[in-house]
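Source file: entry-v6.cif; contents: mmCIF, C-alpha atoms.
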```
data_coords
loop_
_atom_site.label_atom_id
_atom_site.label_comp_id
_atom_site.auth_asym_id
_atom_site.auth_seq_id
_atom_site.Cartn_x
_atom_site.Cartn_y
_atom_site.Cartn_z
CA MET A 1 120.07 91.41 120.40
CA ASN A 2 118.80 88.03 121.62
CA LYS A 3 119.67 88.83 125.26
CA LEU A 4 117.92 92.18 125.06
CA MET A 5 114.89 90.58 123.47
CA LYS A 6 114.75 87.95 126.21
CA ILE A 7 114.99 90.64 128.89
CA GLY A 8 112.22 92.63 127.22
CA VAL A 9 109.96 89.62 126.89
CA SER A 10 110.55 88.60 130.51
CA ALA A 11 109.82 92.09 131.77
CA LEU A 12 106.69 92.36 129.64
CA ALA A 13 105.48 88.95 130.77
CA GLY A 14 106.12 89.87 134.40
CA SER A 15 104.24 93.14 134.02
CA LEU A 16 101.32 91.39 132.40
CA ALA A 17 101.18 88.73 135.08
CA LEU A 18 101.53 91.09 138.04
CA THR A 19 99.41 94.08 136.96
CA ALA A 20 96.80 92.62 134.65
CA ALA A 21 96.34 89.01 135.62
CA ASN A 22 92.59 89.41 135.68
CA ALA A 23 92.66 90.35 131.97
CA ILE A 24 94.53 87.28 130.76
CA GLU A 25 92.61 84.96 128.47
CA MET A 26 93.77 81.44 127.57
CA SER A 27 92.50 79.40 124.66
CA VAL A 28 93.31 76.20 122.82
CA SER A 29 92.20 75.44 119.27
CA GLY A 30 93.15 72.76 116.83
CA SER A 31 92.49 70.60 113.83
CA ALA A 32 93.33 67.12 112.62
CA GLY A 33 93.08 65.39 109.30
CA GLY A 34 94.73 63.47 106.53
CA ALA A 35 95.24 63.63 102.79
CA ALA A 36 95.88 61.53 99.72
CA TYR A 37 98.36 63.20 97.39
CA ASN A 38 100.49 62.77 94.30
CA TYR A 39 103.09 65.40 93.46
CA ASP A 40 104.08 63.87 90.10
CA GLU A 41 101.05 61.97 88.80
CA GLY A 42 101.92 59.05 86.55
CA ASN A 43 105.28 58.41 88.24
CA GLY A 44 103.98 56.94 91.47
CA LYS A 45 105.17 59.81 93.65
CA GLY A 46 102.39 60.04 96.17
CA GLY A 47 100.70 58.41 99.11
CA LEU A 48 98.92 59.31 102.34
CA TYR A 49 99.87 61.57 105.21
CA GLN A 50 98.40 62.92 108.42
CA PHE A 51 98.40 66.57 109.46
CA ASP A 52 97.35 68.07 112.76
CA SER A 53 97.59 71.32 114.68
CA VAL A 54 97.07 72.43 118.27
CA VAL A 55 97.40 76.16 118.95
CA PHE A 56 97.84 77.57 122.47
CA THR A 57 97.09 81.29 122.86
CA ALA A 58 97.41 83.62 125.85
CA SER A 59 96.35 87.26 125.60
CA GLY A 60 95.75 90.22 127.86
CA THR A 61 96.13 93.95 128.36
CA THR A 62 98.57 95.66 130.73
CA ASP A 63 97.60 98.57 132.99
CA GLY A 64 99.37 100.77 130.47
CA GLY A 65 96.94 99.75 127.75
CA ILE A 66 99.32 97.49 125.79
CA ASN A 67 97.68 94.47 124.22
CA VAL A 68 99.88 91.37 124.45
CA THR A 69 99.40 87.97 122.81
CA ALA A 70 101.62 84.89 122.95
CA LYS A 71 100.96 81.98 120.62
CA MET A 72 102.50 78.56 120.09
CA GLU A 73 101.53 75.88 117.60
CA LEU A 74 102.23 72.16 117.74
CA ASP A 75 101.68 70.51 114.41
CA ASN A 76 102.98 68.19 111.75
CA ASP A 77 101.82 68.87 108.21
CA ASN A 78 104.89 67.55 106.40
CA PRO A 79 104.86 63.91 105.27
CA ALA A 80 108.68 63.88 105.23
CA THR A 81 109.27 64.76 108.89
CA ASN A 82 107.99 64.09 112.39
CA ALA A 83 108.95 67.52 113.71
CA GLY A 84 106.23 68.78 116.03
CA MET A 85 107.02 72.42 116.82
CA ASP A 86 105.79 74.98 114.32
CA ASP A 87 104.81 78.66 114.53
CA ARG A 88 105.74 80.47 117.73
CA ASN A 89 105.37 84.22 118.29
CA PHE A 90 104.33 87.02 120.59
CA THR A 91 102.68 90.33 119.68
CA PHE A 92 102.30 93.62 121.53
CA GLY A 93 100.86 97.00 120.62
CA THR A 94 97.84 99.28 120.79
CA ASP A 95 94.89 100.00 118.55
CA ALA A 96 96.23 103.51 117.91
CA LEU A 97 99.87 102.66 117.18
CA GLY A 98 99.63 99.22 115.60
CA LYS A 99 101.33 96.00 116.64
CA ILE A 100 104.83 94.54 116.66
CA SER A 101 105.34 90.79 116.47
CA PHE A 102 108.44 88.72 117.18
CA HIS A 103 108.33 85.35 115.42
CA GLY A 104 110.65 82.89 117.11
CA HIS A 105 109.68 80.28 114.53
CA GLY A 106 107.69 80.31 111.31
CA GLY A 107 107.60 84.06 110.66
CA SER A 108 106.58 85.54 107.31
CA SER A 109 107.94 88.81 105.93
CA VAL A 110 105.67 91.19 104.02
CA MET A 111 106.77 89.64 100.71
CA GLY A 112 106.20 86.22 102.27
CA GLN A 113 102.71 87.10 103.50
CA TRP A 114 101.87 88.32 99.99
CA ASP A 115 103.62 85.55 98.01
CA ASP A 116 100.25 84.80 96.37
CA VAL A 117 97.08 86.69 97.25
CA THR A 118 95.00 85.33 94.37
CA PRO A 119 91.95 83.37 95.58
CA ASN A 120 91.91 79.59 95.86
CA ALA A 121 89.75 77.02 97.59
CA TYR A 122 92.68 74.80 98.65
CA GLU A 123 96.33 75.73 98.02
CA GLU A 124 97.97 77.74 95.25
CA VAL A 125 98.46 76.62 91.65
CA TRP A 126 102.22 76.15 92.22
CA ASP A 127 101.79 74.09 95.38
CA GLY A 128 101.97 70.32 95.68
CA THR A 129 104.12 69.69 92.58
CA THR A 130 107.80 68.78 92.90
CA GLY A 131 109.99 71.79 92.10
CA ALA A 132 107.12 74.06 91.03
CA ASP A 133 106.90 76.20 94.17
CA VAL A 134 109.72 78.63 93.27
CA ARG A 135 108.53 82.19 93.87
CA ILE A 136 109.61 85.77 94.49
CA ASP A 137 108.82 86.26 98.17
CA GLY A 138 111.81 87.74 99.97
CA ILE A 139 113.11 85.99 103.07
CA SER A 140 110.97 84.57 105.88
CA GLY A 141 111.75 82.31 108.81
CA ASN A 142 112.82 82.33 112.45
CA ASN A 143 113.60 85.37 114.64
CA LEU A 144 111.69 87.72 112.36
CA ILE A 145 110.15 91.01 113.52
CA THR A 146 107.04 92.39 111.81
CA TYR A 147 105.00 95.56 112.18
CA ASP A 148 101.38 96.15 111.19
CA SER A 149 99.96 99.65 111.43
CA PRO A 150 96.35 100.44 112.32
CA THR A 151 94.11 100.88 109.28
CA ILE A 152 93.42 104.56 108.61
CA SER A 153 91.05 105.53 105.79
CA GLY A 154 91.56 102.05 104.31
CA ILE A 155 95.39 102.27 104.35
CA THR A 156 97.54 99.73 106.23
CA LEU A 157 101.35 99.82 106.42
CA LYS A 158 103.50 96.75 107.02
CA ALA A 159 107.20 96.08 107.61
CA ALA A 160 109.47 93.15 108.44
CA TYR A 161 113.08 92.75 109.58
CA GLN A 162 115.32 89.74 110.11
CA ARG A 163 118.71 90.42 111.69
CA ALA A 164 120.58 87.27 110.69
CA ALA A 165 119.12 86.02 107.42
CA THR A 166 121.35 83.16 106.29
CA ASP A 167 119.23 81.61 103.57
CA ALA A 168 121.56 79.47 101.45
CA SER A 169 119.12 78.70 98.64
CA THR A 170 119.95 79.31 94.98
CA GLY A 171 118.29 81.66 92.51
CA ASN A 172 116.84 84.94 93.74
CA ASN A 173 115.87 83.92 97.31
CA LYS A 174 119.22 84.22 99.06
CA THR A 175 120.98 86.81 101.19
CA ILE A 176 124.18 86.94 103.22
CA ASN A 177 123.04 89.44 105.84
CA ALA A 178 120.01 91.18 107.32
CA TYR A 179 116.78 91.40 105.33
CA HIS A 180 113.99 93.97 105.47
CA ASP A 181 110.88 94.74 103.44
CA TYR A 182 107.92 97.10 103.45
CA GLY A 183 104.37 97.05 102.15
CA ILE A 184 101.25 99.17 101.82
CA GLN A 185 97.68 97.98 101.37
CA PHE A 186 94.71 100.14 100.42
CA ALA A 187 91.05 99.13 100.66
CA PRO A 188 89.15 102.29 99.61
CA GLU A 189 85.94 102.85 101.51
CA MET A 190 84.24 104.24 98.41
CA VAL A 191 84.78 100.95 96.48
CA GLU A 192 83.59 98.09 98.65
CA GLY A 193 85.41 94.82 98.01
CA LEU A 194 88.48 96.36 96.32
CA THR A 195 91.99 95.88 97.76
CA VAL A 196 95.31 96.91 96.19
CA GLY A 197 98.79 96.43 97.59
CA TYR A 198 102.48 96.89 96.97
CA ALA A 199 105.57 95.51 98.74
CA THR A 200 109.33 95.63 98.19
CA GLY A 201 112.38 94.11 99.84
CA GLU A 202 116.15 93.94 99.33
CA LEU A 203 118.38 90.86 99.45
CA HIS A 204 122.17 90.66 99.12
CA GLU A 205 123.76 87.88 97.06
CA SER A 206 127.21 89.10 98.11
CA THR A 207 128.86 92.22 99.49
CA THR A 208 128.67 93.80 96.03
CA GLU A 209 125.52 92.29 94.51
CA SER A 210 121.88 92.77 95.51
CA ILE A 211 118.40 91.61 94.45
CA ASP A 212 115.30 93.78 94.79
CA HIS A 213 112.04 91.88 95.24
CA SER A 214 108.72 93.60 94.62
CA THR A 215 105.08 92.75 94.10
CA TYR A 216 101.83 94.54 93.45
CA PHE A 217 98.29 93.14 93.38
CA ILE A 218 94.70 94.10 92.85
CA LYS A 219 91.87 92.06 94.34
CA TYR A 220 88.14 92.57 94.07
CA ALA A 221 85.26 90.76 95.75
CA TYR A 222 81.75 91.21 94.42
CA GLY A 223 78.88 89.06 95.56
CA ASN A 224 80.00 85.43 95.54
CA PHE A 225 82.95 86.12 93.20
CA THR A 226 86.51 87.10 94.11
CA VAL A 227 89.10 87.86 91.41
CA ALA A 228 92.72 88.96 91.69
CA TYR A 229 95.80 89.72 89.62
CA GLN A 230 99.35 89.83 90.98
CA ASP A 231 102.77 90.65 89.54
CA HIS A 232 106.16 89.78 91.09
CA GLU A 233 109.64 90.91 90.06
CA ALA A 234 113.17 90.07 91.20
CA ASP A 235 115.64 92.64 89.87
CA GLY A 236 119.14 91.29 90.42
CA THR A 237 122.60 92.52 89.51
CA SER A 238 123.17 89.21 87.73
CA ALA A 239 120.98 88.00 84.86
CA ALA A 240 120.32 84.63 86.50
CA SER A 241 118.66 86.28 89.52
CA SER A 242 116.33 88.57 87.52
CA ASP A 243 112.97 86.81 87.53
CA GLU A 244 109.31 87.76 87.12
CA SER A 245 105.88 86.16 87.45
CA GLU A 246 102.23 86.95 86.73
CA THR A 247 99.34 85.28 88.55
CA TRP A 248 95.58 85.55 88.34
CA GLY A 249 92.76 83.67 90.02
CA VAL A 250 89.02 83.61 90.51
CA SER A 251 86.88 81.93 93.14
CA TYR A 252 83.14 81.47 93.44
CA ALA A 253 81.24 80.71 96.63
CA VAL A 254 78.45 78.45 95.41
CA ASN A 255 76.94 78.79 98.87
CA GLU A 256 78.23 79.44 102.38
CA ASP A 257 79.68 75.92 102.54
CA PHE A 258 81.00 75.18 99.04
CA THR A 259 83.68 77.15 97.13
CA ILE A 260 85.41 76.49 93.82
CA ALA A 261 88.40 78.31 92.29
CA TYR A 262 90.68 78.38 89.26
CA GLY A 263 94.00 80.14 88.71
CA GLU A 264 97.08 80.43 86.49
CA ARG A 265 100.66 81.61 86.92
CA ASP A 266 103.52 82.22 84.47
CA TYR A 267 106.99 82.26 86.04
CA ASP A 268 110.11 83.32 84.14
CA ASP A 269 113.18 82.28 86.16
CA ASN A 270 115.66 84.19 83.99
CA THR A 271 114.30 87.18 82.10
CA SER A 272 117.47 87.60 80.07
CA SER A 273 117.36 84.19 78.38
CA ALA A 274 114.87 81.91 76.68
CA ALA A 275 117.34 79.04 76.25
CA ALA A 276 116.81 75.51 77.51
CA GLY A 277 116.95 75.44 81.29
CA SER A 278 115.40 78.89 81.47
CA LEU A 279 111.96 78.50 79.90
CA GLU A 280 108.83 80.07 81.35
CA GLN A 281 107.09 77.82 83.85
CA ASN A 282 103.31 77.67 83.34
CA ASP A 283 101.10 76.70 86.28
CA SER A 284 97.35 76.22 86.39
CA GLY A 285 95.00 74.63 88.85
CA PHE A 286 91.47 73.97 90.01
CA SER A 287 90.50 73.67 93.67
CA ALA A 288 87.34 73.14 95.69
CA SER A 289 86.35 72.96 99.34
CA TYR A 290 83.22 71.97 101.23
CA THR A 291 82.68 72.66 104.92
CA THR A 292 79.94 71.34 107.14
CA GLY A 293 80.08 71.81 110.87
CA GLY A 294 83.73 71.38 111.83
CA MET A 295 84.57 69.13 108.90
CA THR A 296 86.15 70.28 105.61
CA ILE A 297 86.74 68.26 102.46
CA ALA A 298 89.09 70.04 100.04
CA ALA A 299 91.11 69.22 96.95
CA HIS A 300 93.35 70.77 94.33
CA PHE A 301 94.36 69.51 90.89
CA ASN A 302 97.38 71.35 89.49
CA SER A 303 99.14 71.16 86.14
CA ASN A 304 102.69 72.56 85.89
CA ASP A 305 104.62 72.78 82.60
CA ASN A 306 108.34 73.51 82.17
CA VAL A 307 108.93 73.08 85.91
CA GLY A 308 112.16 74.80 86.89
CA GLY A 309 112.46 76.16 83.36
CA VAL A 310 113.05 72.70 81.86
CA ALA A 311 111.07 71.88 78.72
CA THR A 312 110.71 68.18 79.53
CA ALA A 313 109.50 68.75 83.10
CA ASP A 314 105.70 68.70 82.74
CA ARG A 315 103.90 67.43 85.82
CA ASP A 316 100.40 67.00 87.21
CA ALA A 317 99.62 66.85 90.91
CA TYR A 318 96.64 66.52 93.19
CA GLU A 319 95.78 66.42 96.87
CA ILE A 320 92.48 65.49 98.51
CA ALA A 321 92.19 66.26 102.22
CA LEU A 322 89.76 65.72 105.07
CA THR A 323 90.09 68.06 108.08
CA PHE A 324 88.28 68.32 111.42
CA ALA A 325 88.47 71.57 113.39
CA PHE A 326 87.87 71.65 117.14
#
```

Please express the file's structure as structure tokens.
Amino acid sequence: MNKLMKIGVSALAGSLALTAANAIEMSVSGSAGGAAYNYDEGNGKGGLYQFDSVVFTASGTTDGGINVTAKMELDNDNPATNAGMDDRNFTFGTDALGKISFHGHGGSSVMGQWDDVTPNAYEEVWDGTTGADVRIDGISGNNLITYDSPTISGITLKAAYQRAATDASTGNNKTINAYHDYGIQFAPEMVEGLTVGYATGELHESTTESIDHSTYFIKYAYGNFTVAYQDHEADGTSAASSDESETWGVSYAVNEDFTIAYGERDYDDNTSSAAAGSLEQNDSGFSASYTTGGMTIAAHFNSNDNVGGVATADRDAYEIALTFAF
């Protein structure tokens, strides 16, 4: 599979270079910034960190009318590592047939792309707090193939496939073999601002046990307001891997530069039990962002109760960031 993919990429790159060199466009974009954070306020678990990103993009169209884009990102947005390479992918397709993308690094499946579509001004309500970011989002990662159809009458189809998914995590986000998922999104032309979507994927805990992930959402933008509701479910063959969550959020654009948002999520990590160690996790958070020119100041303040289903694990977290785009 890898050899065939390399041959295909080389041939496509050669075709693009030889027959459509005059159509190639190169661009470089980036951002740099830093943040003050605390992922367990009151226990001294915080500090400062730098994040930066430089994205190199090459795009063009072959004589056969195939649009091709290659993209590579160098960044470091993790305070615990100095790793520099991040997202890397190439995309090809046409306006009529849609596009296929191969993500060598940092790919997101359909469930991963839609892990939380509720509006926020800076990060989700489960983000930034130790242990609170558990979610029902299928499998994402390296060597992932995705497909996005053209939008026809407001309908867009999506799919993702990963040949060798070897996620070794616990809970409902693990599989021993290939992973695939599908999604559909509908933005009806007769109701401006409304978007609804549904996605589903299948994971395999073992050769005899499976977990079905699914999500649906409804999102509506009217004037300066955007509101959304989303439901996730993990239906496993074992009780411990049957989870569910409900999320809602609202954002308000005070003006074209300043946005505020608030959201909540309830996550049940074991729907068959309400015993200690399996309580419902309750997340809530407020975020805001202000942009002027190429500079953005953003912050989130999240409160997370019963983190990981543990009654004594109540935590507050915040992050305040300054970013410059160039």

Under the rule of at most 12 Å, produce a per-residue listing of stretch 21-114 of chain A near stretch 213-230 of chain A: chain, number, name, the closest pair of atoms, and the distance in Å, as a tab-separated table, using all atoms listed in the file.
```
residue	atom	partner	partner_atom	distance
A:Ser109	CA	A:His213	CA	11.9
A:Val110	CA	A:Thr215	CA	10.1
A:Met111	CA	A:Thr215	CA	7.5
A:Gly112	CA	A:Thr215	CA	10.5
A:Gln113	CA	A:Thr215	CA	11.2
A:Trp114	CA	A:Thr215	CA	8.0
```

> Hey, what comes out of the PyMOL selection byres ((chain A and resi 33-48) around 7) on this file? Could you write it as a PyMOL selection string?
Replying inline: chain A and resi 31-32+49-52+128-130+315-324

> Please, what distance in Å, to one decimal, runs between atom CA of A:Asp87 and atom CA of A:Glu123?
Replying inline: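 A separation of 18.8 Å between them.
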
When you look at A:Asn172 with a cut-off of 10 Å (counting all atoms listed in the file), what residues show up, excluding the ones that are within fewer than 2 positions of it in the same chain? I need them as a PDB file with C-alpha atoms, in the coordinates of the input.
```pdb
ATOM      1  CA  VAL A 134     109.720  78.630  93.270  1.00  0.00           C
ATOM      2  CA  ARG A 135     108.530  82.190  93.870  1.00  0.00           C
ATOM      3  CA  ILE A 136     109.610  85.770  94.490  1.00  0.00           C
ATOM      4  CA  ASP A 137     108.820  86.260  98.170  1.00  0.00           C
ATOM      5  CA  GLY A 138     111.810  87.740  99.970  1.00  0.00           C
ATOM      6  CA  SER A 169     119.120  78.700  98.640  1.00  0.00           C
ATOM      7  CA  THR A 170     119.950  79.310  94.980  1.00  0.00           C
ATOM      8  CA  LYS A 174     119.220  84.220  99.060  1.00  0.00           C
ATOM      9  CA  THR A 175     120.980  86.810 101.190  1.00  0.00           C
ATOM     10  CA  LEU A 203     118.380  90.860  99.450  1.00  0.00           C
ATOM     11  CA  HIS A 204     122.170  90.660  99.120  1.00  0.00           C
ATOM     12  CA  GLU A 205     123.760  87.880  97.060  1.00  0.00           C
ATOM     13  CA  SER A 210     121.880  92.770  95.510  1.00  0.00           C
ATOM     14  CA  ILE A 211     118.400  91.610  94.450  1.00  0.00           C
ATOM     15  CA  ASP A 212     115.300  93.780  94.790  1.00  0.00           C
ATOM     16  CA  HIS A 213     112.040  91.880  95.240  1.00  0.00           C
ATOM     17  CA  ALA A 234     113.170  90.070  91.200  1.00  0.00           C
ATOM     18  CA  ASP A 235     115.640  92.640  89.870  1.00  0.00           C
ATOM     19  CA  GLY A 236     119.140  91.290  90.420  1.00  0.00           C
ATOM     20  CA  SER A 238     123.170  89.210  87.730  1.00  0.00           C
ATOM     21  CA  ALA A 240     120.320  84.630  86.500  1.00  0.00           C
ATOM     22  CA  SER A 241     118.660  86.280  89.520  1.00  0.00           C
ATOM     23  CA  SER A 242     116.330  88.570  87.520  1.00  0.00           C
ATOM     24  CA  ASP A 243     112.970  86.810  87.530  1.00  0.00           C
ATOM     25  CA  ASP A 269     113.180  82.280  86.160  1.00  0.00           C
ATOM     26  CA  ASN A 270     115.660  84.190  83.990  1.00  0.00           C
TER      27      ASN A 270
END
```

>> Expand the PyMOL selection byres ((chain A and resi 293) around 12) into the explicit residue set it covers here, and present it as an MDAnalysis selection string.
In response: chainID A and resid 256:257 290:292 294:297 323:326

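The residue set within 8 Å of A:Pro188, counting all atoms listed in the file and dropping same-chain residues fewer than 4 places from it, reads Ser153, Gly154, Ile155, Glu192, Leu194 and Thr195 of chain A.
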
> What gap, in Å, lies between atom CA of A:His105 and atom CA of A:Ile145?
Replying inline: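 Between these atoms lies a distance of 10.8 Å.
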
> How many Å separate atom CA of A:Ile24 from atom CA of A:Thr61?
Replying inline: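 Straight-line distance from atom CA of A:Ile24 to atom CA of A:Thr61 works out to 7.3 Å.
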
>> For a quick check of understanding, using only C-alpha atoms, which of A:Gly131, A:Gly106, A:Gly65, A:Gly93 has the smallest distance to A:Val307?
In response: A:Gly131
